[in-house]
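Visitor: Structure incoming, see below.
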Amino acid sequence: MRRARPAGEAQIDPAPPDERTREPLTQAMSLGALYGTLNQVAPLVRLSAVISLLFGSEAAAGGVLWPMTAAVTAGLAHRPLHRLAGWLVPGDHESSSFHQLRLVVCEAMRAAVQLSLTAAAFSLVDWGACGVRAHPEVWREVLVALLVAPLFCAAWSVAPKLLRVEPREQLAMASGTHDLSTATVDELLRSMRPRHHMGFVVARCTCVALDVAADSLLFFVFLASAVQSVQPPSTVVYAGDMPFPAIVVAAFAYGSQHLRWRGEWLLVAGFAASLLMLCRAFSGSLVGGITAATIFAVFRYIRRSQDVRRFHAQ
């Protein structure tokens, strides 16, 4: 835990940097050619989605892009919410307890904002076209997802040891579950009271789950439909002949967000491809895919603190 600075010294704001404002060229240089390119795939897909949404393209029909917009908006609101939390939380601004409580309040407000925006966004979504619908075998689909997700979580946990890889030292990734550079936040969490720590984790996992729902529609529906020239976007893309191009591109884009250690993106891309095959097996339903992806994302975040401790100990 870092000691509070004397009143005469400049205060260091422990808020995590907003990774969305980092220059793409700086990220590419720090990550190298391959991982710098991978790190920009998802942002470029989101940019394409925003353009489609702004210009009323048929690719944005069915409301498939509104959850993504809600997630991006909630992410951009993080800085203002952090400042607001600083005004709301009482106490000595030089004390660690103040910064810890401000972190919890900020994350709780962000979760509330994102939950509200996502609920409003999903009210505009054509649930049937996006594969989020009830069907006679939905419980069987969810059961398969509940079996697949823990198996992949176990494989993901042991893969770094089997491959003998370590977290990338200069990794600078997007905020959320993929960021290992926010050391000050981790220091605050280590000495935080259990109830405050639990509150932060619950709020953060809520945001993670909402991000997964938005990403699933973005990559598995919007992007896959664009690859197969299916308009408006729909999981019907997975019906009929095997849509290999759509599955490969969507899985690649989804996996490109996971750069914690070398080769992780490829492993997660394989996981995403298996979820799309599950979607195809259940007539275009994404319920199982979103369920499994959410379980993995939450598990990955909970494991994050252990990974960060090892990362900073090197």
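To be explicit about the labels: the chains of the structure tokens are called A, B, and onward in the order shown, and within each one the residues are counted from 1, while ligands get numbers from 1 in the order they are shown.
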With only C-alpha atoms counted and 8 Å as the cut-off, give the residues of segment 223-265 of chain A in contact with segment 124-141 of chain A, each with its shortest interatomic distance in Å and the pair that gives it, as a Markdown table.

Guide:
| residue | atom | partner | partner_atom | distance |
| --- | --- | --- | --- | --- |
| A:Pro233 | CA | A:Ala129 | CA | 7.3 |
| A:Ser234 | CA | A:Ala129 | CA | 4.7 |
| A:Thr235 | CA | A:Cys130 | CA | 5.7 |
| A:Val236 | CA | A:Ala129 | CA | 7.5 |

Visitor: Find the spatial neighbours of Leu278 of chain A, counting only C-alpha atoms, within a cut-off of 8 Å - ignore same-chain residues fewer than 3 positions away - and output them as an MDAnalysis selection string.

Guide: chainID A and resid 141 274:275 281:282 288:289

Visitor: Can I get the selected residues back with N, CA and C atoms, as a PDB file, in the first residue's frame?

Guide:
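Listing of out.pdb after writing:
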ATOM      1  N   GLU A 141     -29.463 -26.258 -24.175  1.00  0.00           N
ATOM      2  CA  GLU A 141     -28.401 -25.372 -24.655  1.00  0.00           C
ATOM      3  C   GLU A 141     -27.638 -24.751 -23.487  1.00  0.00           C
ATOM      4  N   SER A 274     -16.057 -22.365 -30.905  1.00  0.00           N
ATOM      5  CA  SER A 274     -16.888 -23.441 -30.353  1.00  0.00           C
ATOM      6  C   SER A 274     -18.255 -22.911 -29.928  1.00  0.00           C
ATOM      7  N   LEU A 275     -18.304 -21.676 -29.440  1.00  0.00           N
ATOM      8  CA  LEU A 275     -19.595 -21.079 -29.074  1.00  0.00           C
ATOM      9  C   LEU A 275     -20.453 -20.836 -30.312  1.00  0.00           C
ATOM     10  N   ALA A 281     -25.665 -25.335 -33.794  1.00  0.00           N
ATOM     11  CA  ALA A 281     -26.305 -26.590 -33.407  1.00  0.00           C
ATOM     12  C   ALA A 281     -27.707 -26.357 -32.859  1.00  0.00           C
ATOM     13  N   PHE A 282     -27.941 -25.180 -32.259  1.00  0.00           N
ATOM     14  CA  PHE A 282     -29.248 -24.880 -31.684  1.00  0.00           C
ATOM     15  C   PHE A 282     -30.004 -23.836 -32.510  1.00  0.00           C
ATOM     16  N   GLY A 288     -26.823 -19.917 -25.133  1.00  0.00           N
ATOM     17  CA  GLY A 288     -25.736 -20.716 -24.574  1.00  0.00           C
ATOM     18  C   GLY A 288     -24.386 -20.047 -24.761  1.00  0.00           C
ATOM     19  N   GLY A 289     -24.176 -19.450 -25.932  1.00  0.00           N
ATOM     20  CA  GLY A 289     -22.912 -18.786 -26.201  1.00  0.00           C
ATOM     21  C   GLY A 289     -22.659 -17.617 -25.257  1.00  0.00           C
TER      22      GLY A 289
END

Visitor: May I ask which of the residues A:Pro80, A:Cys207, A:Tyr35, A:Val64 is the closest one to His258 of chain A, counting only C-alpha atoms?

Guide: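 Of A:Pro80, A:Cys207, A:Tyr35, A:Val64, the one nearest His258 of chain A, counting only C-alpha atoms, is A:Tyr35.
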
Visitor: Find, counting only C-alpha atoms, the residue in A:Arg300, A:His197, A:Lys161, A:Arg79 that gets nearest to Val104 of chain A.

Guide: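 Result for the nearest residue to Val104 of chain A: A:His197.
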
Visitor: A:Trp156, A:Phe296, A:Phe219, A:Tyr301: which is nearest Val202 of chain A, counting only C-alpha atoms?

Guide: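 With only C-alpha atoms as the atom set, the closest residue is A:Tyr301.
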